[in-house]
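Quick notes on the structure that follows.
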Amino acid sequence: MNTSQARRPVVTGIGVVAPNGTGAGAFWKTTQEGVSVLDLVSREGCEHLPLRVAGEVRDFDPVALVEERYLVQTDRFTHYAMVAADLALDDARLGRADYEDAPYGVGVVTAAGSGGGEFGQRELQRLWGQGSRYVGPYQSIAWFYAASTGQISIRGGFKGPCAVVASDEAGGLDALMHAARSIHRGTDAVVVGAAEAPLAPYSVVCQLGYEDLSTCEDPARAYRPFTADACGFVPAEGGAMLVVEDETVALARGARVRAELAGHAATFTGASRWEQSRDGLARAIGGALAEAGCAPEEIDVVFADALGVPAADRAEALAIADALGAHGRRVPVTAPKTGIGRAYCGAPVLDTAAAVLAMEHGLIPPTPNVFDVCHDLDVVTGRARPAELRTALVLSRGLMGSNAALVLRHLDGPLA
């Protein structure tokens, strides 16, 4: 991303499928109110597993939202992504009439952590229980981490640059960077984001190998980053998709320009080496600020990674101080994901959506279930905090060692 170039990547549409609401409006309402929807895992086949609390997307009926010919080919994680993409396109008012004469001008980029575990488990059970003749042909594609990109592009008729980013949880921010670079290189619009579905039994068993996973049975205490009671993170399903366009193209078709993807940087510091993530995350923040041409004191709010592991939380708090200096101890920090869980690659895209909405509404959402902060951070807790927000910093780290930072700049006036 190079903001010195004439083309500027801006967000024009937001689509959300999250545990606390489907659609940007429903998502923002519960996010700004600090509502926690973490609850005991209810997914069939998971009852006996050590993971007790998660953020589930409830009342989601893919049959009513996705055409049957796509439904049978895809896993739950792609259902979420397709519906979120539809919502983002509707929000951006970007329809087929806008690109039917130039389909190569619209691309698709998604990030994925694991792919279609539920679909894959079902087909493997058929293989071992009934034989190979009972395995469907779509097993070869539905589990694949690139499935969402492929299906969204086919379904929408998008023929521009398409990609999938596999860079750990931070891939959600890296996908946004990839989209921004596509805009700089001449693509008019990119449908970009991530959605995950990690709550199938097979997927949960795989996650039990993560030592940082919370197995607490109390939804109110299972995910409490930046506190002395931090005991790990709670996983979640769902995610968000955004429409990112070249600003000039967006304005020419009358679209509402909501925020600029102003700067991004990424580093890698190794799996579970949380102490080392301090330097890696600080360098990512510094790189994102430099790319955005943004001084540390211009950051109005930080959407934290907030892993919920004491060593990781301490490293993040120190990284913010390292990168932002004295301002790092004063800038408001929030982590709305403590009310819905960490949706892996979808988590930082949900944070990005929340950051855009926060800037529009002049309101910093609180950090649910967090009260007694034990780090030198101004964490917003209890209730939302009114503030004039022009620039937001979104942070993400992955369990395998990726770190990323994204600077967003508000380009529109506050909502009436």
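In the structure tokens, each chain is lettered A, B, ... as it comes, each chain's residues begin at 1, and ligands are numbered from 1 in order of appearance.
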
Got a sec: who's within 8 Å of segment 330-337 of chain A, counting only C-alpha atoms, leaving out chain neighbours fewer than 5 positions off, as a ChimeraX atom specification? /A:31,34,299-306,342,347,351,364-368,377-381

Considering only strand (DSSP E) as DSSP defines it on the backbone, what residues of segment 202-392 of chain A qualify? List them as a PyMOL selection string. chain A and resi 238-246+259-268+301-303+332-334+363-364+378-379+385-386+391-392

Since we have the selection now, will you write its residues out, keeping C-alpha atoms, as an mmCIF file, in the first residue's frame?
```
data_model
loop_
_atom_site.group_PDB
_atom_site.id
_atom_site.type_symbol
_atom_site.label_atom_id
_atom_site.label_comp_id
_atom_site.auth_asym_id
_atom_site.auth_seq_id
_atom_site.Cartn_x
_atom_site.Cartn_y
_atom_site.Cartn_z
ATOM 1 C CA GLY A 238 -18.524 -15.862 11.720
ATOM 2 C CA GLY A 239 -16.704 -12.874 10.312
ATOM 3 C CA ALA A 240 -17.038 -9.878 8.036
ATOM 4 C CA MET A 241 -16.629 -8.893 4.410
ATOM 5 C CA LEU A 242 -15.955 -5.370 3.163
ATOM 6 C CA VAL A 243 -16.213 -3.680 -0.207
ATOM 7 C CA VAL A 244 -13.020 -1.723 -0.854
ATOM 8 C CA GLU A 245 -12.950 0.576 -3.866
ATOM 9 C CA ASP A 246 -10.813 3.208 -5.495
ATOM 10 C CA ALA A 259 -12.945 5.108 5.647
ATOM 11 C CA GLU A 260 -9.545 4.867 4.033
ATOM 12 C CA LEU A 261 -7.248 1.872 4.370
ATOM 13 C CA ALA A 262 -4.358 4.191 5.102
ATOM 14 C CA GLY A 263 -1.481 1.968 6.209
ATOM 15 C CA HIS A 264 -0.545 -1.638 6.977
ATOM 16 C CA ALA A 265 2.500 -3.600 8.061
ATOM 17 C CA ALA A 266 3.173 -7.179 9.154
ATOM 18 C CA THR A 267 5.903 -9.116 10.942
ATOM 19 C CA PHE A 268 6.542 -12.671 12.120
ATOM 20 C CA VAL A 301 -8.437 4.574 19.331
ATOM 21 C CA VAL A 302 -6.764 1.160 19.317
ATOM 22 C CA PHE A 303 -8.691 -2.034 18.647
ATOM 23 C CA PRO A 332 -8.336 4.587 24.433
ATOM 24 C CA VAL A 333 -8.003 0.849 23.831
ATOM 25 C CA THR A 334 -10.910 -1.490 23.224
ATOM 26 C CA LEU A 363 -18.359 6.214 19.974
ATOM 27 C CA ILE A 364 -15.752 3.775 21.277
ATOM 28 C CA ASP A 378 -6.708 2.977 29.038
ATOM 29 C CA VAL A 379 -9.048 0.085 28.252
ATOM 30 C CA ARG A 385 -17.162 6.249 25.409
ATOM 31 C CA PRO A 386 -18.065 9.231 23.186
ATOM 32 C CA THR A 391 -7.930 7.649 12.924
ATOM 33 C CA ALA A 392 -8.092 4.096 14.274
#
```

Counting only C-alpha atoms, closest pick from A:Phe27, A:Phe158, A:Tyr138, A:Phe77 relative to Ala200 of chain A is A:Phe77

Could you jot down the atom CA of Leu127 of chain A to atom CA of Gly45 of chain A separation for me, Å, one decimal place? 18.4 Å

Atom-to-atom span, atom CA of Tyr344 of chain A and atom CA of Thr22 of chain A, Å: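 Answer for the atom CA of Tyr344 of chain A to atom CA of Thr22 of chain A separation: 17.8 Å.
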
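Minimum atom-to-atom distance to Leu395 of chain A, evaluated using only C-alpha atoms, belongs to A:Glu169 out of A:Glu68, A:Glu56, A:Glu169, A:Glu100.
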
Between A:Ala354, A:Val35, A:Leu51, A:Val10, single out the one closest to Ala250 of chain A, counting only C-alpha atoms.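 So, comparing all the options, the nearest one is A:Val10.
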